[in-house]
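What follows is entry_11.tsv (TSV, C-alpha atoms).
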```
chain	number	residue	atom	x	y	z
A	1	MET	CA	101.26	115.30	108.10
A	2	GLU	CA	104.55	113.41	107.92
A	3	SER	CA	102.76	110.04	108.00
A	4	TYR	CA	100.37	111.24	105.29
A	5	LEU	CA	103.22	112.29	102.99
A	6	ILE	CA	105.01	108.99	103.56
A	7	ALA	CA	101.82	107.11	102.66
A	8	ILE	CA	101.33	109.19	99.51
A	9	GLY	CA	104.93	108.64	98.49
A	10	THR	CA	104.62	104.89	99.00
A	11	VAL	CA	101.46	104.66	96.90
A	12	ALA	CA	103.05	106.79	94.16
A	13	LEU	CA	106.02	104.42	93.97
A	14	ILE	CA	103.71	101.39	93.85
A	15	TYR	CA	101.98	102.99	90.88
A	16	ALA	CA	105.39	103.71	89.37
A	17	LEU	CA	106.15	99.98	89.39
A	18	LEU	CA	102.80	99.31	87.74
A	19	ALA	CA	103.44	102.01	85.15
A	20	ILE	CA	106.90	100.70	84.32
A	21	GLY	CA	105.46	97.24	83.70
A	22	LEU	CA	102.62	98.55	81.52
A	23	ASN	CA	104.95	100.90	79.66
A	24	LEU	CA	107.22	97.96	78.90
A	25	GLN	CA	104.29	96.01	77.44
A	26	TYR	CA	102.67	98.83	75.50
A	27	GLY	CA	105.29	101.50	75.02
A	28	PHE	CA	108.13	99.23	73.96
A	29	ILE	CA	106.49	96.30	72.20
A	30	GLY	CA	102.96	97.56	71.51
A	31	MET	CA	100.80	95.09	73.47
A	32	VAL	CA	97.54	96.60	74.73
A	33	ASN	CA	96.87	95.34	78.25
A	34	PHE	CA	93.61	96.45	79.87
A	35	GLY	CA	93.88	93.86	82.65
A	36	HIS	CA	97.05	95.02	84.40
A	37	VAL	CA	95.24	95.13	87.74
A	38	ALA	CA	94.79	91.34	87.61
A	39	PHE	CA	98.54	90.72	87.98
A	40	PHE	CA	98.64	93.40	90.67
A	41	ALA	CA	95.97	91.45	92.58
A	42	ILE	CA	97.67	88.08	92.07
A	43	GLY	CA	100.93	89.41	93.47
A	44	ALA	CA	99.18	91.06	96.40
A	45	TYR	CA	97.13	88.05	97.47
A	46	THR	CA	99.92	85.53	96.92
A	47	SER	CA	102.36	87.47	99.08
A	48	ALA	CA	99.69	88.23	101.72
A	49	LEU	CA	98.46	84.65	102.05
A	50	LEU	CA	101.96	83.19	102.25
A	51	SER	CA	103.12	85.74	104.83
A	52	ILE	CA	100.05	85.06	106.98
A	53	GLU	CA	101.06	81.39	106.96
A	54	GLY	CA	104.50	82.32	108.25
A	55	VAL	CA	106.47	82.37	105.01
A	56	PRO	CA	109.13	85.13	104.97
A	57	ILE	CA	107.77	88.24	103.28
A	58	PHE	CA	110.57	88.40	100.71
A	59	ILE	CA	109.82	84.83	99.61
A	60	GLY	CA	106.11	85.60	99.46
A	61	MET	CA	106.67	88.67	97.28
A	62	LEU	CA	108.95	86.71	94.97
A	63	ALA	CA	106.31	83.97	94.72
A	64	GLY	CA	103.69	86.63	93.89
A	65	ALA	CA	105.83	87.98	91.06
A	66	VAL	CA	106.43	84.48	89.68
A	67	LEU	CA	102.74	83.54	89.87
A	68	ALA	CA	101.74	86.80	88.19
A	69	ALA	CA	104.19	86.11	85.38
A	70	LEU	CA	102.96	82.53	84.95
A	71	SER	CA	99.34	83.68	84.86
A	72	ALA	CA	100.31	86.05	82.04
A	73	LEU	CA	101.70	83.18	79.96
A	74	PRO	CA	98.41	81.97	78.40
A	75	LEU	CA	97.30	85.55	77.74
A	76	SER	CA	100.58	86.44	76.07
A	77	MET	CA	100.36	83.30	73.93
A	78	LEU	CA	97.04	84.60	72.65
A	79	SER	CA	98.70	87.83	71.58
A	80	ALA	CA	100.27	86.03	68.64
A	81	ARG	CA	96.80	85.34	67.26
A	82	LEU	CA	94.84	88.38	68.40
A	83	SER	CA	94.89	91.97	67.21
A	84	ASP	CA	95.37	94.77	69.72
A	85	ASP	CA	91.62	95.33	70.12
A	86	TYR	CA	90.87	91.71	70.94
A	87	LEU	CA	93.86	91.39	73.26
A	88	ALA	CA	92.57	94.41	75.18
A	89	ILE	CA	89.16	92.75	75.57
A	90	VAL	CA	90.68	89.43	76.68
A	91	THR	CA	92.92	91.04	79.30
A	92	LEU	CA	90.03	93.13	80.62
A	93	GLY	CA	87.90	89.99	80.95
A	94	PHE	CA	90.77	88.22	82.70
A	95	SER	CA	91.07	91.01	85.28
A	96	GLU	CA	87.36	90.85	86.04
A	97	THR	CA	87.58	87.06	86.37
A	98	ILE	CA	90.36	87.41	88.93
A	99	ARG	CA	88.36	90.01	90.86
A	100	ILE	CA	85.26	87.77	90.95
A	101	VAL	CA	87.34	84.80	92.12
A	102	ILE	CA	88.74	86.94	94.94
A	103	GLN	CA	85.25	88.04	95.87
A	104	GLU	CA	83.62	84.61	95.77
A	105	GLU	CA	86.33	82.28	97.13
A	106	SER	CA	85.95	83.34	100.74
A	107	TRP	CA	87.70	80.21	102.03
A	108	LEU	CA	90.94	81.52	100.52
A	109	THR	CA	90.67	85.29	100.14
A	110	GLY	CA	88.12	86.21	102.79
A	111	GLY	CA	85.55	87.09	100.11
A	112	ILE	CA	83.61	90.28	100.64
A	113	GLN	CA	84.94	90.48	104.20
A	114	GLY	CA	88.44	90.96	102.88
A	115	LEU	CA	91.77	89.66	104.10
A	116	PRO	CA	92.99	91.40	107.29
A	117	GLY	CA	96.06	90.90	109.43
A	118	ILE	CA	98.69	91.05	106.70
A	119	PRO	CA	102.08	91.66	108.31
A	120	SER	CA	103.93	94.81	107.30
A	121	LEU	CA	107.41	94.69	105.83
A	122	PHE	CA	109.17	95.85	109.00
A	123	SER	CA	106.67	95.01	111.73
A	124	SER	CA	109.17	92.79	113.55
A	125	MET	CA	112.01	95.33	113.54
A	126	SER	CA	112.58	97.79	116.36
A	127	PHE	CA	114.54	100.48	114.49
A	128	GLY	CA	112.93	103.34	112.55
A	129	PRO	CA	109.27	104.10	111.83
A	130	THR	CA	107.61	101.27	109.90
A	131	GLY	CA	106.12	103.59	107.26
A	132	LEU	CA	109.43	105.32	106.58
A	133	MET	CA	111.30	102.02	106.31
A	134	THR	CA	108.69	100.76	103.86
A	135	LEU	CA	109.09	103.91	101.77
A	136	ILE	CA	112.86	103.46	101.72
A	137	ALA	CA	112.54	99.80	100.73
A	138	ILE	CA	110.16	100.44	97.84
A	139	SER	CA	112.25	103.43	96.72
A	140	ALA	CA	115.27	101.16	96.46
A	141	CYS	CA	113.23	98.54	94.58
A	142	VAL	CA	111.84	101.09	92.11
A	143	ALA	CA	115.32	102.53	91.52
A	144	CYS	CA	116.73	99.06	90.78
A	145	VAL	CA	113.83	98.19	88.48
A	146	TYR	CA	114.06	101.54	86.70
A	147	TYR	CA	117.74	101.23	85.87
A	148	ALA	CA	117.46	97.52	84.99
A	149	ILE	CA	114.58	98.09	82.55
A	150	ARG	CA	116.24	101.20	81.10
A	151	HIS	CA	119.39	99.18	80.46
A	152	LEU	CA	117.27	96.40	78.93
A	153	THR	CA	115.41	98.74	76.57
A	154	ARG	CA	118.67	100.34	75.41
A	155	SER	CA	120.30	96.98	74.71
A	156	PRO	CA	120.08	95.10	71.37
A	157	TYR	CA	117.19	93.14	72.91
A	158	GLY	CA	115.38	96.40	73.66
A	159	ARG	CA	115.90	97.68	70.13
A	160	LEU	CA	114.53	94.39	68.83
A	161	ILE	CA	111.29	94.56	70.81
A	162	GLN	CA	110.84	98.19	69.76
A	163	ALA	CA	111.25	97.09	66.16
A	164	ILE	CA	108.39	94.63	66.72
A	165	ARG	CA	106.24	97.53	67.90
A	166	ASP	CA	107.09	99.55	64.79
A	167	ASN	CA	106.95	96.81	62.15
A	168	GLU	CA	106.45	93.22	63.28
A	169	ALA	CA	106.41	91.84	59.73
A	170	ALA	CA	109.86	93.27	59.05
A	171	VAL	CA	111.26	91.65	62.19
A	172	GLN	CA	109.70	88.31	61.23
A	173	SER	CA	111.32	88.56	57.81
A	174	LEU	CA	114.69	88.58	59.57
A	175	GLY	CA	113.92	85.20	61.11
A	176	LYS	CA	113.10	86.44	64.61
A	177	ASN	CA	110.45	84.70	66.70
A	178	THR	CA	108.30	87.72	67.51
A	179	SER	CA	105.67	85.66	69.34
A	180	TRP	CA	108.20	84.40	71.88
A	181	LEU	CA	109.58	87.91	72.38
A	182	LYS	CA	106.06	89.22	73.04
A	183	ILE	CA	105.49	86.48	75.60
A	184	GLN	CA	108.72	87.36	77.41
A	185	VAL	CA	107.91	91.07	77.61
A	186	PHE	CA	104.31	90.50	78.66
A	187	MET	CA	105.38	88.14	81.44
A	188	LEU	CA	108.05	90.58	82.63
A	189	GLY	CA	105.51	93.40	82.83
A	190	ALA	CA	103.14	91.13	84.77
A	191	ALA	CA	105.93	90.18	87.18
A	192	LEU	CA	106.57	93.87	87.93
A	193	ALA	CA	102.86	94.29	88.65
A	194	GLY	CA	103.09	91.29	90.98
A	195	ILE	CA	105.95	92.92	92.88
A	196	ALA	CA	103.90	96.11	93.16
A	197	GLY	CA	101.04	94.02	94.52
A	198	GLY	CA	103.27	92.52	97.19
A	199	PHE	CA	104.35	95.95	98.37
A	200	TYR	CA	100.74	97.11	98.33
A	201	ALA	CA	99.53	94.18	100.44
A	202	HIS	CA	102.16	94.63	103.13
A	203	PHE	CA	101.71	98.39	103.14
A	204	MET	CA	97.91	98.32	103.46
A	205	SER	CA	97.76	95.25	105.78
A	206	TYR	CA	94.27	94.56	104.38
A	207	LEU	CA	93.01	93.41	100.98
A	208	SER	CA	89.57	93.15	99.39
A	209	ALA	CA	88.21	92.71	95.88
A	210	GLU	CA	87.11	96.36	95.74
A	211	GLN	CA	90.76	97.42	95.70
A	212	PHE	CA	91.35	95.72	92.33
A	213	VAL	CA	88.68	97.14	90.06
A	214	PRO	CA	89.38	98.09	86.39
A	215	LEU	CA	89.70	101.73	87.49
A	216	VAL	CA	93.18	100.88	88.81
A	217	THR	CA	94.27	99.85	85.31
A	218	PHE	CA	92.77	103.06	83.98
A	219	TYR	CA	94.83	105.09	86.44
A	220	VAL	CA	98.02	103.31	85.37
A	221	TRP	CA	97.22	104.02	81.72
A	222	VAL	CA	96.71	107.69	82.62
A	223	ALA	CA	100.14	107.75	84.28
A	224	VAL	CA	101.80	106.18	81.22
A	225	ILE	CA	100.08	108.51	78.75
A	226	ILE	CA	100.68	111.68	80.75
A	227	GLY	CA	104.32	110.81	81.33
A	228	GLY	CA	105.05	109.67	77.80
A	229	VAL	CA	104.52	106.29	76.14
A	230	GLY	CA	107.77	104.43	75.61
A	231	ARG	CA	109.71	106.66	78.02
A	232	MET	CA	111.02	105.21	81.27
A	233	SER	CA	111.20	108.63	82.88
A	234	GLY	CA	107.63	109.21	81.70
A	235	ALA	CA	106.35	106.25	83.71
A	236	MET	CA	107.93	107.69	86.84
A	237	ILE	CA	106.84	111.30	86.32
A	238	GLY	CA	103.36	110.25	85.21
A	239	SER	CA	102.85	108.16	88.35
A	240	LEU	CA	103.97	110.95	90.65
A	241	LEU	CA	101.71	113.47	88.89
A	242	LEU	CA	98.77	111.05	88.96
A	243	ILE	CA	98.95	110.48	92.71
A	244	ALA	CA	99.58	114.17	93.36
A	245	PHE	CA	96.49	115.00	91.33
A	246	LEU	CA	94.36	112.29	92.91
A	247	GLU	CA	95.27	113.39	96.40
A	248	GLY	CA	95.17	117.08	95.57
A	249	SER	CA	91.66	116.74	94.17
A	250	ARG	CA	90.52	115.60	97.62
A	251	PHE	CA	90.74	119.23	98.65
A	252	ALA	CA	88.57	120.37	95.73
A	253	ARG	CA	85.59	120.30	98.08
A	254	ASP	CA	87.07	123.29	99.87
A	255	ILE	CA	86.55	125.38	96.73
A	256	LEU	CA	83.37	123.56	95.66
A	257	PRO	CA	81.18	123.90	98.74
A	258	GLY	CA	78.02	122.96	96.89
A	259	VAL	CA	79.26	119.45	96.06
A	260	ALA	CA	78.22	116.71	98.47
A	261	GLU	CA	80.78	114.26	99.83
A	262	VAL	CA	79.24	111.36	97.93
A	263	GLU	CA	79.50	113.31	94.67
A	264	MET	CA	83.18	114.12	95.03
A	265	ALA	CA	84.27	110.77	93.55
A	266	SER	CA	82.59	111.67	90.27
A	267	VAL	CA	84.02	115.18	90.38
A	268	ARG	CA	87.52	113.86	90.96
A	269	LEU	CA	87.21	111.40	88.08
A	270	GLY	CA	85.99	114.22	85.85
A	271	LEU	CA	88.97	116.35	86.84
A	272	ILE	CA	91.34	113.50	85.99
A	273	GLY	CA	89.66	113.10	82.61
A	274	LEU	CA	90.00	116.84	81.97
A	275	ALA	CA	93.69	116.73	82.91
A	276	LEU	CA	94.22	113.83	80.48
A	277	ILE	CA	92.49	115.74	77.68
A	278	LEU	CA	94.56	118.85	78.30
A	279	CYS	CA	97.73	116.76	78.45
A	280	THR	CA	97.02	115.12	75.09
A	281	ILE	CA	96.34	118.54	73.57
A	282	TYR	CA	99.42	120.36	74.87
A	283	PHE	CA	101.73	117.34	75.32
A	284	PRO	CA	100.65	114.85	72.60
A	285	ASP	CA	103.70	112.65	73.27
A	286	GLY	CA	103.52	113.01	77.06
A	287	ILE	CA	105.36	115.34	79.38
A	288	MET	CA	108.62	113.41	78.95
A	289	GLY	CA	107.97	112.54	75.30
A	290	LYS	CA	109.78	113.90	72.31
A	291	LYS	CA	108.96	117.51	71.58
A	292	ARG	CA	107.37	118.23	68.26
A	293	THR	CA	108.58	121.15	66.16
```
Rewrite the structure from the file as structure tokens, please.
Amino acid sequence: MESYLIAIGTVALIYALLAIGLNLQYGFIGMVNFGHVAFFAIGAYTSALLSIEGVPIFIGMLAGAVLAALSALPLSMLSARLSDDYLAIVTLGFSETIRIVIQEESWLTGGIQGLPGIPSLFSSMSFGPTGLMTLIAISACVACVYYAIRHLTRSPYGRLIQAIRDNEAAVQSLGKNTSWLKIQVFMLGAALAGIAGGFYAHFMSYLSAEQFVPLVTFYVWVAVIIGGVGRMSGAMIGSLLLIAFLEGSRFARDILPGVAEVEMASVRLGLIGLALILCTIYFPDGIMGKKRT
């Protein structure tokens, strides 16, 4: 049971990193990203492949974050010319392109066979359980990211990007380059997804294309919306609630004996959808959002 709880906590914190990055892009500057999982995958595979070749894991994870950010550059440049709807479609197409490349380029990624043998973060250390040490490491990383992004969003720079979300034309009239600011924020969010991908790769020790489907992006959106769009605490709370609900729904079969094992995936997805509907009804601004009077 202890190992199970450690694993659940680790996955929840990985999703928290993803949610913070997406919340930064959408909640603070208003960019709709439906391809967040693509940067997650880029970070995961970059770190995994480099570590398998003997590169130190920290360097591999840093390289994954940088590559994820660079891959977001052309997409963010398009944001200056595309409306939110079209940007959403482009990012979704980009994520599917990345997934297909992972699946087809077996010489690099292992293709449909996947990529096994990824070293864990603390596999070479003799002190402490590996899973617990990984949980502590990612907890420290999430805490640092949380306070850094919170400080950023409360700074004059943060108020400026939020002004772009509220009224971009007004910000442009003040002589600010809103396109460049959008690019910066989009790349930063992608880099956070890349870091999350690095942690995920070294935690799972195995990667395949099926782990990076659009459903992952949907889950991150659920976490952001439930927690509260534009709220840093909302990204954290939403991620924890999402994973708790996903894992808790595994036991729904105990109270639904007539549902076959193969049907439980659809039931779980339906329960998540119901929870999202109820949340938007009773908490329209998210659990950590501003209360309406």
Q | Nearest candidate to Ala148 in chain A (options A:Met232, A:Val220, A:Ile118, A:Leu70; using only C-alpha atoms) | A |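 So, comparing all the options, the nearest one is A:Met232.
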Q: Would you work out the distance separating CA of Gly234 in chain A from CA of Ala69 in chain A, expressed in Å to one decimal?
A: 23.6 Å
Q: Find the residues around range 12-26 of chain A up to 9 Å (all atoms listed in the file counted), leave out those fewer than 3 positions away in its own chain, and share them as a ChimeraX atom specification.
A: /A:7-9,29-33,36-37,40,135,138-139,141-142,145-146,149,153,165,182,185-197,199-200,217,219-221,223-224,228-232,234-244
Q: For Ser106 in chain A, please output as a list in words all residues within 12 Å (counting all atoms listed in the file; exclusion window: fewer than 6 positions along the same chain).
A: Ile100, Ile112, Gln113, Gly114, Leu115, Ser208 and Ala209 of chain A
Q. Any idea what the distance is between CA of Ala68 in chain A and CA of Phe39 in chain A?
A. 5.1 Å
Q.
List the spatial neighbours of Ile102 in chain A as JSON, numbers by chain - criterion: any atom at most 12 Å away, only C-alpha atoms, same-chain residues fewer than 5 positions off excluded.
A. {"A": [38, 41, 42, 44, 45, 46, 95, 96, 97, 107, 108, 109, 110, 111, 112, 113, 114, 115, 207, 208, 209, 210, 211, 212, 213]}
Q: Could you please determine the separation between CA of Val222 in chain A and CA of Asp285 in chain A in Å, to one decimal place?
A: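 Separation between CA of Val222 in chain A and CA of Asp285 in chain A: 12.7 Å.
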(Q) Given only C-alpha atoms as the basis, pick out the residue of A:Pro214, A:Gln184, A:His151, A:Leu160 nearest to Thr91 in chain A. (A) A:Pro214
Q: For each of A:Val55, A:Arg99, A:Gly131, A:Gly227, take the minimum atom-to-atom distance to Gly289 in chain A, counting all atoms listed in the file, then give the residue where this is smallest.
A: A:Gly227
**Q.** Pick from A:Ser71, A:Ser205, A:Ser76, A:Gly54, whichever lies nearest to Trp180 in chain A using all atoms listed in the file
**A.**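 Distance minimum relative to Trp180 in chain A lands on A:Ser76.
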With 8 Å of padding per side, what axis-aligned box (centre and edge lengths, Å, one decimal) covers all the listed atoms of range 236-249 of chain A? Give it as lines of an AutoDock Vina configuration file.
```
center_x = 99.8
center_y = 112.4
center_z = 90.8
size_x = 32.3
size_y = 25.4
size_z = 27.2
```
Q: Using all atoms listed in the file, find the one residue out of A:Gly158, A:Gly198, A:Gly175, A:Pro74 that sits nearest to Leu49 in chain A.
A: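 Closest to Leu49 in chain A, using all atoms listed in the file: A:Gly198.
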Any chance you could build range 157-179 of chain A out to N, CA, C and O atoms and write it as a PDB file, in the frame of the given file?
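Result file result_23.pdb:
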```pdb
ATOM      1  N   TYR A 157     118.497  93.769  72.663  1.00  0.00           N
ATOM      2  CA  TYR A 157     117.190  93.140  72.910  1.00  0.00           C
ATOM      3  C   TYR A 157     116.097  94.198  72.935  1.00  0.00           C
ATOM      4  O   TYR A 157     115.018  94.013  72.365  1.00  0.00           O
ATOM      5  N   GLY A 158     116.364  95.319  73.590  1.00  0.00           N
ATOM      6  CA  GLY A 158     115.380  96.400  73.660  1.00  0.00           C
ATOM      7  C   GLY A 158     115.093  96.980  72.294  1.00  0.00           C
ATOM      8  O   GLY A 158     113.935  97.293  71.977  1.00  0.00           O
ATOM      9  N   ARG A 159     116.125  97.152  71.483  1.00  0.00           N
ATOM     10  CA  ARG A 159     115.900  97.680  70.130  1.00  0.00           C
ATOM     11  C   ARG A 159     115.098  96.692  69.286  1.00  0.00           C
ATOM     12  O   ARG A 159     114.301  97.099  68.423  1.00  0.00           O
ATOM     13  N   LEU A 160     115.280  95.409  69.571  1.00  0.00           N
ATOM     14  CA  LEU A 160     114.530  94.390  68.830  1.00  0.00           C
ATOM     15  C   LEU A 160     113.045  94.435  69.170  1.00  0.00           C
ATOM     16  O   LEU A 160     112.189  94.390  68.271  1.00  0.00           O
ATOM     17  N   ILE A 161     112.710  94.538  70.455  1.00  0.00           N
ATOM     18  CA  ILE A 161     111.290  94.560  70.810  1.00  0.00           C
ATOM     19  C   ILE A 161     110.635  95.859  70.349  1.00  0.00           C
ATOM     20  O   ILE A 161     109.440  95.872  70.006  1.00  0.00           O
ATOM     21  N   GLN A 162     111.400  96.955  70.293  1.00  0.00           N
ATOM     22  CA  GLN A 162     110.840  98.190  69.760  1.00  0.00           C
ATOM     23  C   GLN A 162     110.622  98.094  68.265  1.00  0.00           C
ATOM     24  O   GLN A 162     109.686  98.702  67.716  1.00  0.00           O
ATOM     25  N   ALA A 163     111.451  97.319  67.591  1.00  0.00           N
ATOM     26  CA  ALA A 163     111.250  97.090  66.160  1.00  0.00           C
ATOM     27  C   ALA A 163     109.973  96.293  65.913  1.00  0.00           C
ATOM     28  O   ALA A 163     109.267  96.521  64.920  1.00  0.00           O
ATOM     29  N   ILE A 164     109.648  95.381  66.834  1.00  0.00           N
ATOM     30  CA  ILE A 164     108.390  94.630  66.720  1.00  0.00           C
ATOM     31  C   ILE A 164     107.206  95.588  66.840  1.00  0.00           C
ATOM     32  O   ILE A 164     106.212  95.468  66.110  1.00  0.00           O
ATOM     33  N   ARG A 165     107.303  96.528  67.754  1.00  0.00           N
ATOM     34  CA  ARG A 165     106.240  97.530  67.900  1.00  0.00           C
ATOM     35  C   ARG A 165     106.054  98.332  66.622  1.00  0.00           C
ATOM     36  O   ARG A 165     104.924  98.593  66.195  1.00  0.00           O
ATOM     37  N   ASP A 166     107.162  98.690  65.972  1.00  0.00           N
ATOM     38  CA  ASP A 166     107.090  99.550  64.790  1.00  0.00           C
ATOM     39  C   ASP A 166     106.702  98.782  63.529  1.00  0.00           C
ATOM     40  O   ASP A 166     105.930  99.291  62.716  1.00  0.00           O
ATOM     41  N   ASN A 167     107.246  97.590  63.369  1.00  0.00           N
ATOM     42  CA  ASN A 167     106.950  96.810  62.150  1.00  0.00           C
ATOM     43  C   ASN A 167     107.253  95.349  62.421  1.00  0.00           C
ATOM     44  O   ASN A 167     108.372  94.881  62.195  1.00  0.00           O
ATOM     45  N   GLU A 168     106.251  94.626  62.903  1.00  0.00           N
ATOM     46  CA  GLU A 168     106.450  93.220  63.280  1.00  0.00           C
ATOM     47  C   GLU A 168     106.783  92.355  62.071  1.00  0.00           C
ATOM     48  O   GLU A 168     107.603  91.436  62.157  1.00  0.00           O
ATOM     49  N   ALA A 169     106.161  92.651  60.934  1.00  0.00           N
ATOM     50  CA  ALA A 169     106.410  91.840  59.730  1.00  0.00           C
ATOM     51  C   ALA A 169     107.874  91.929  59.300  1.00  0.00           C
ATOM     52  O   ALA A 169     108.457  90.927  58.876  1.00  0.00           O
ATOM     53  N   ALA A 170     108.456  93.110  59.429  1.00  0.00           N
ATOM     54  CA  ALA A 170     109.860  93.270  59.050  1.00  0.00           C
ATOM     55  C   ALA A 170     110.769  92.459  59.957  1.00  0.00           C
ATOM     56  O   ALA A 170     111.748  91.851  59.500  1.00  0.00           O
ATOM     57  N   VAL A 171     110.458  92.427  61.243  1.00  0.00           N
ATOM     58  CA  VAL A 171     111.260  91.650  62.190  1.00  0.00           C
ATOM     59  C   VAL A 171     111.119  90.154  61.896  1.00  0.00           C
ATOM     60  O   VAL A 171     112.107  89.407  61.944  1.00  0.00           O
ATOM     61  N   GLN A 172     109.911  89.715  61.584  1.00  0.00           N
ATOM     62  CA  GLN A 172     109.700  88.310  61.230  1.00  0.00           C
ATOM     63  C   GLN A 172     110.472  87.921  59.987  1.00  0.00           C
ATOM     64  O   GLN A 172     110.972  86.793  59.870  1.00  0.00           O
ATOM     65  N   SER A 173     110.598  88.855  59.055  1.00  0.00           N
ATOM     66  CA  SER A 173     111.320  88.560  57.810  1.00  0.00           C
ATOM     67  C   SER A 173     112.810  88.342  58.051  1.00  0.00           C
ATOM     68  O   SER A 173     113.493  87.753  57.216  1.00  0.00           O
ATOM     69  N   LEU A 174     113.293  88.791  59.206  1.00  0.00           N
ATOM     70  CA  LEU A 174     114.690  88.580  59.570  1.00  0.00           C
ATOM     71  C   LEU A 174     114.901  87.274  60.312  1.00  0.00           C
ATOM     72  O   LEU A 174     116.009  86.978  60.769  1.00  0.00           O
ATOM     73  N   GLY A 175     113.816  86.499  60.464  1.00  0.00           N
ATOM     74  CA  GLY A 175     113.920  85.200  61.110  1.00  0.00           C
ATOM     75  C   GLY A 175     113.762  85.223  62.611  1.00  0.00           C
ATOM     76  O   GLY A 175     114.064  84.228  63.290  1.00  0.00           O
ATOM     77  N   LYS A 176     113.291  86.332  63.167  1.00  0.00           N
ATOM     78  CA  LYS A 176     113.100  86.440  64.610  1.00  0.00           C
ATOM     79  C   LYS A 176     111.728  85.908  65.015  1.00  0.00           C
ATOM     80  O   LYS A 176     110.741  86.113  64.312  1.00  0.00           O
ATOM     81  N   ASN A 177     111.705  85.238  66.169  1.00  0.00           N
ATOM     82  CA  ASN A 177     110.450  84.700  66.700  1.00  0.00           C
ATOM     83  C   ASN A 177     109.758  85.793  67.507  1.00  0.00           C
ATOM     84  O   ASN A 177     109.972  85.932  68.717  1.00  0.00           O
ATOM     85  N   THR A 178     108.939  86.584  66.848  1.00  0.00           N
ATOM     86  CA  THR A 178     108.300  87.720  67.510  1.00  0.00           C
ATOM     87  C   THR A 178     107.299  87.280  68.563  1.00  0.00           C
ATOM     88  O   THR A 178     107.108  87.973  69.572  1.00  0.00           O
ATOM     89  N   SER A 179     106.656  86.141  68.357  1.00  0.00           N
ATOM     90  CA  SER A 179     105.670  85.660  69.340  1.00  0.00           C
ATOM     91  C   SER A 179     106.342  85.372  70.678  1.00  0.00           C
ATOM     92  O   SER A 179     105.821  85.744  71.744  1.00  0.00           O
TER      93      SER A 179
END
```
